[in-house]
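Undergrad: Let me begin by handing over the structure; questions about it come next.
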Amino acid sequence: MDRWTFLTNHARVLLCVAEDPGIRIREIAARVCITERATQRILADLVEGGYVSRVRVGRRNIYEVHPEMPLRRVQIAASVGALLSLIKYG
């Protein structure tokens, strides 16, 4: 049963950032159970896709999730905000 999951690592990283905009890459990697390098690649994908913005504050990054963005490759019309609402409050 450990071979698959309902949420991709991209979605899981997005959820971590949505819950804590100041979270560190090391903390995300530990929560998602992936390497820090994989976390960096996923965050770069999310930033490049417009799903997350990253601002440097001192030595840290602060992230902002854009909930109005549509979900990718989903058969229904849904937004990031709808997914976050479902998972956080559902």
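Naming scheme: A, B, ... for chains in displayed order of the structure tokens; residues 1 onward per chain; ligands 1 onward as shown.
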Could you list, as a PyMOL selection string, every residue within 12 Å of region 32-39 of chain A, counting only C-alpha atoms and ignoring same-chain residues fewer than 3 positions away?

TA: chain A and resi 5+7-17+23-29+42-46

Undergrad: I'd like to know which residues of chain A are strand (DSSP E or B) (by DSSP, run on the backbone); could you write them as a VMD selection string?

TA: chain A and resid 52 to 57 60 to 65 70 79

Undergrad: Grab the residues selected above and save them as a CSV table (one decimal), in the first residue's frame with C-alpha atoms.

TA:
```csv
chain,number,residue,atom,x,y,z
A,52,VAL,CA,3.7,30.3,-5.2
A,53,SER,CA,5.7,33.5,-4.8
A,54,ARG,CA,8.9,33.6,-2.9
A,55,VAL,CA,10.3,36.7,-1.2
A,56,ARG,CA,13.7,36.8,0.5
A,57,VAL,CA,13.7,38.3,4.0
A,60,ARG,CA,14.9,33.3,4.9
A,61,ASN,CA,12.3,32.8,2.3
A,62,ILE,CA,8.7,33.8,2.8
A,63,TYR,CA,6.2,32.1,0.5
A,64,GLU,CA,2.8,33.1,-0.7
A,65,VAL,CA,0.4,30.6,-2.2
A,70,PRO,CA,-6.4,26.4,-11.3
A,79,SER,CA,-8.6,26.1,-7.9
```

Undergrad: From the options A:Arg3, A:Ala30, A:Glu19, A:Gly50, which residue's atoms come nearest to Leu71 (chain A), counting only C-alpha atoms?

TA: A:Gly50

Undergrad: When DSSP is applied to the backbone of this structure, which of region 12-46 of chain A are assigned helix (DSSP H, G or I)? Write them out as a PyMOL selection string.

TA: chain A and resi 12-19+25-32+36-46
